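Asker: Take a look at the following structure, please.
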Amino acid sequence: MMGAKEYLDFQNGAELLELCKTHSLPISEVMRQRELRMGQQSEEALADKWRQVLDIMKAATHDPIANPKKSMGGLIGGEAKKLRDHEQNHGSVCGTVLSKAIAYSMAVLEVNASMGLIVAAPTAGSSGVLPGVLMSLMEEFQLEDQKFYDGLSNASAIGYLLMLNASISGAEAGCQAEVGAASAMTASAVTEIMGGTPEMCMQAASLALSNLLGLVCDPIAGLVEVPCQSRNAIGAANALTSAELALSGIEHPVPFDQMVTAMLKTGRALPAALRETAIGGNAGTPAGCRIAGCIYGGCEK
């Protein structure tokens, strides 16, 4: 029998991989067992939660395409439909998997910014990356729901480690800690879903963090709309790229745990103007300041 403590006691990526190796299990199953034991819940209760998450993510990725609506700040709304219409009517330079992934990821931000229901994975500002990519894979490869649940469980393990050892807060560590974290979670999930080993999953997550290292958080008018929406699209593309690299046997020389530490240090080195304060970056441009003035002072954007 496997002791409960073994599943509750991984504090970093190295320990997670050791559990996977010792018990010959994928990351998703190690995390699932951890959730069952820590939450003291039944298999049925956990399965119900996964189904609820799937339902919410499916609606958030598809509803804005069928029925687009403007965000509370008025800066986004309808972009996901434009992407899908373009892909269907003219084709896409990205190919169908990536084209769907970026459209779906942007759709979720439209739901979030119009006060709809989303799953923060790991945050509201980065909530489009994971469902956008996983929904695209589900449709393009005709995967069963269980693959989706495995991806969620795998991503949860990576997100847990990032929360434990670094940050998922834009105010603390920039957008690299939000979209960067979401992208790392998604890269690992995709790698497992497509047949990769736990080691490949961690390589994918490390690559994803590295690729977005230093990404600032600079929302125009302080709203989770611009550039947050398009950065979710970039996070989706980065996740798919990182997974493809890892599945091909390409390794990042910096281990996951060291990348997590590097991300936190980099985030803390960012000036306050680039950590969700809406002072620098996009928010600090003349256009950004004008838009903020219109939103809060009243004028046409």
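Labels for the structure tokens follow display order: chains A, B, ..., residues from 1 in each chain, ligands from 1.
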May I have the residues within 10 Å of Ala273 (chain A) as a list in words, using only C-alpha atoms and disregarding those fewer than 3 positions away in the same chain?
Answerer: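 The contact residues come out as Ala171, Gly174, Val216, Cys217, Asp218, Leu270, Glu276, Thr277, Ala278, Ile279, Gly280, Gly281, Ala283 and Gly284 of chain A.
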Asker: Using only C-alpha atoms, which protein or nucleic acid residues come within 6 Å of Thr191 (chain A)? Drop anything in the same chain fewer than 3 positions from it, and give the result as a list in words.
Answerer: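 My reading of the contact set: Ser188, Met194, Gly196, Cys201 and Ala243 of chain A.
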Asker: Can you tell me, as a ChimeraX atom specification, what residues are no more than 9 Å from region 113-120 of chain A when counting only C-alpha atoms, ignoring any on the same chain fewer than 4 positions away?
Answerer: /A:53,56-57,59-60,69-74,76-77,108-109,124-128,131,223-225
Asker: Save the residues we just selected, C-alpha atoms, as a PDB file, in the first residue's frame?
Answerer:
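selection.pdb, freshly written:
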```pdb
ATOM      1  CA  VAL A  53     -14.847  22.512 -14.267  1.00  0.00           C
ATOM      2  CA  ILE A  56     -17.606  25.910 -17.079  1.00  0.00           C
ATOM      3  CA  MET A  57     -14.538  25.865 -19.318  1.00  0.00           C
ATOM      4  CA  ALA A  59     -19.065  27.371 -21.919  1.00  0.00           C
ATOM      5  CA  ALA A  60     -16.415  30.059 -21.394  1.00  0.00           C
ATOM      6  CA  LYS A  69     -20.586  40.881 -25.790  1.00  0.00           C
ATOM      7  CA  LYS A  70     -18.561  43.886 -24.706  1.00  0.00           C
ATOM      8  CA  SER A  71     -16.516  43.859 -21.539  1.00  0.00           C
ATOM      9  CA  MET A  72     -17.251  46.068 -18.545  1.00  0.00           C
ATOM     10  CA  GLY A  73     -14.522  48.478 -19.584  1.00  0.00           C
ATOM     11  CA  GLY A  74     -15.490  48.307 -23.226  1.00  0.00           C
ATOM     12  CA  ILE A  76     -12.613  43.887 -25.554  1.00  0.00           C
ATOM     13  CA  GLY A  77     -15.495  41.791 -26.818  1.00  0.00           C
ATOM     14  CA  VAL A 108     -12.471  33.173 -21.785  1.00  0.00           C
ATOM     15  CA  LEU A 109     -11.067  36.650 -21.122  1.00  0.00           C
ATOM     16  CA  ALA A 124      -8.707  35.403 -13.668  1.00  0.00           C
ATOM     17  CA  GLY A 125      -6.217  37.330 -15.777  1.00  0.00           C
ATOM     18  CA  SER A 126      -4.668  34.123 -17.092  1.00  0.00           C
ATOM     19  CA  SER A 127      -7.822  32.013 -17.132  1.00  0.00           C
ATOM     20  CA  GLY A 128      -7.941  31.494 -20.890  1.00  0.00           C
ATOM     21  CA  PRO A 131      -9.105  25.798 -21.206  1.00  0.00           C
ATOM     22  CA  LEU A 223      -8.657  46.468 -16.131  1.00  0.00           C
ATOM     23  CA  VAL A 224      -8.086  42.798 -16.925  1.00  0.00           C
ATOM     24  CA  GLU A 225      -8.769  43.401 -20.606  1.00  0.00           C
TER      25      GLU A 225
END
```
Asker: Calculated over only C-alpha atoms, which of the candidates A:Gln41, A:Ala157, A:Leu162, A:Leu240 has the smallest distance to Leu134 (chain A)?
Answerer: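 Of the candidates, the smallest distance to Leu134 (chain A) is held by A:Leu240.
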Asker: Of the residues A:Thr96, A:Asn282, A:Gln203, A:Ser230, which is the one nearest to Ala14 (chain A), using only C-alpha atoms?
Answerer: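 With only C-alpha atoms as the atom set, the closest residue is A:Gln203.
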Asker: I need the residues in region 115-205 of chain A that are helix (DSSP H, G or I) according to DSSP; give them as an MDAnalysis selection string.
Answerer: chainID A and resid 124:126 129:140 145:165 170:173 175:177 179:193 198:205
Asker: Do a neighbour search on Lys100 (chain A) at 8 Å with only C-alpha atoms, toss out local chain neighbours closer than 4 positions, and write the hits as a VMD selection string.
Answerer: chain A and resid 84 96 104 132 to 133 136
Asker: Produce a file of the selected residues containing N, CA and C atoms, as a compact mmCIF listing (two decimals), in the first residue's frame.
Answerer:
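Final file, again34.txt:
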```txt
# COMPACT_ATOMS: atom_id res chain seq x y z
N ARG A 84 -12.32 33.09 -35.08
CA ARG A 84 -12.94 31.87 -35.59
C ARG A 84 -13.54 32.10 -36.97
N THR A 96 -5.15 24.66 -37.46
CA THR A 96 -6.40 24.60 -36.70
C THR A 96 -6.21 24.45 -35.19
N TYR A 104 -10.12 30.40 -28.39
CA TYR A 104 -10.78 29.97 -27.17
C TYR A 104 -10.19 30.65 -25.94
N GLY A 132 -8.41 27.08 -23.16
CA GLY A 132 -8.29 27.32 -24.60
C GLY A 132 -7.54 26.22 -25.30
N VAL A 133 -6.40 25.85 -24.73
CA VAL A 133 -5.57 24.81 -25.34
C VAL A 133 -6.20 23.44 -25.20
N SER A 136 -9.14 22.91 -27.51
CA SER A 136 -8.67 22.74 -28.88
C SER A 136 -8.17 21.32 -29.12
```
Asker: Counting only C-alpha atoms, what is within 10 Å of region 137-148 of chain A, bar same-chain residues fewer than 2 positions away, as a list in words?
Answerer: Ala47, Trp50, Arg51, Leu54, Thr96, Val97, Leu98, Lys100, Ala101, Pro131, Gly132, Val133, Leu134, Met135, Asp150, Gly151, Leu152, Ser153, Asn154, Ala189, Val190, Glu192, Ile193 and Met194 of chain A
Asker: CA of Glu199 (chain A) and CA of Cys94 (chain A), how far apart in Å?
Answerer: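 Here the two named atoms are 27.7 Å from each other.
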Asker: Which polymer residues have any atom within 8 Å of an atom of Thr266 (chain A), counting only C-alpha atoms, with same-chain residues fewer than 6 positions away left out, as a ChimeraX atom specification?
Answerer: /A:173,213-214
Asker: Please produce a file of those selected residues containing C-alpha atoms, as an mmCIF file, in the first residue's frame.
Answerer:
```
data_model
loop_
_atom_site.group_PDB
_atom_site.id
_atom_site.type_symbol
_atom_site.label_atom_id
_atom_site.label_comp_id
_atom_site.auth_asym_id
_atom_site.auth_seq_id
_atom_site.Cartn_x
_atom_site.Cartn_y
_atom_site.Cartn_z
ATOM 1 C CA ALA A 173 5.764 39.149 -9.886
ATOM 2 C CA LEU A 213 10.426 35.218 -18.174
ATOM 3 C CA GLY A 214 10.235 38.918 -17.363
#
```
Asker: Hey, what's within 12 Å of Ser183 (chain A) if we count only C-alpha atoms and toss same-chain stuff fewer than 4 positions away? As a PyMOL selection string, please?
Answerer: chain A and resi 105+121-123+126-134+155+158-159+162+168+175-179+187-190+204-213+231-243
Asker: Considering only C-alpha atoms, state which residue in the set A:Pro286, A:Gly91, A:Pro219, A:Pro198 is at the smallest distance from Leu16 (chain A).
Answerer: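 With only C-alpha atoms as the atom set, the closest residue is A:Pro198.
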Asker: Check the smallest atom-to-atom distance from each of A:Cys289, A:Ala103, A:Met200, A:Ala272 to Glu251 (chain A) using only C-alpha atoms, then report the winner.
Answerer: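 Between A:Cys289, A:Ala103, A:Met200, A:Ala272, the residue approaching Glu251 (chain A) most closely is A:Met200.
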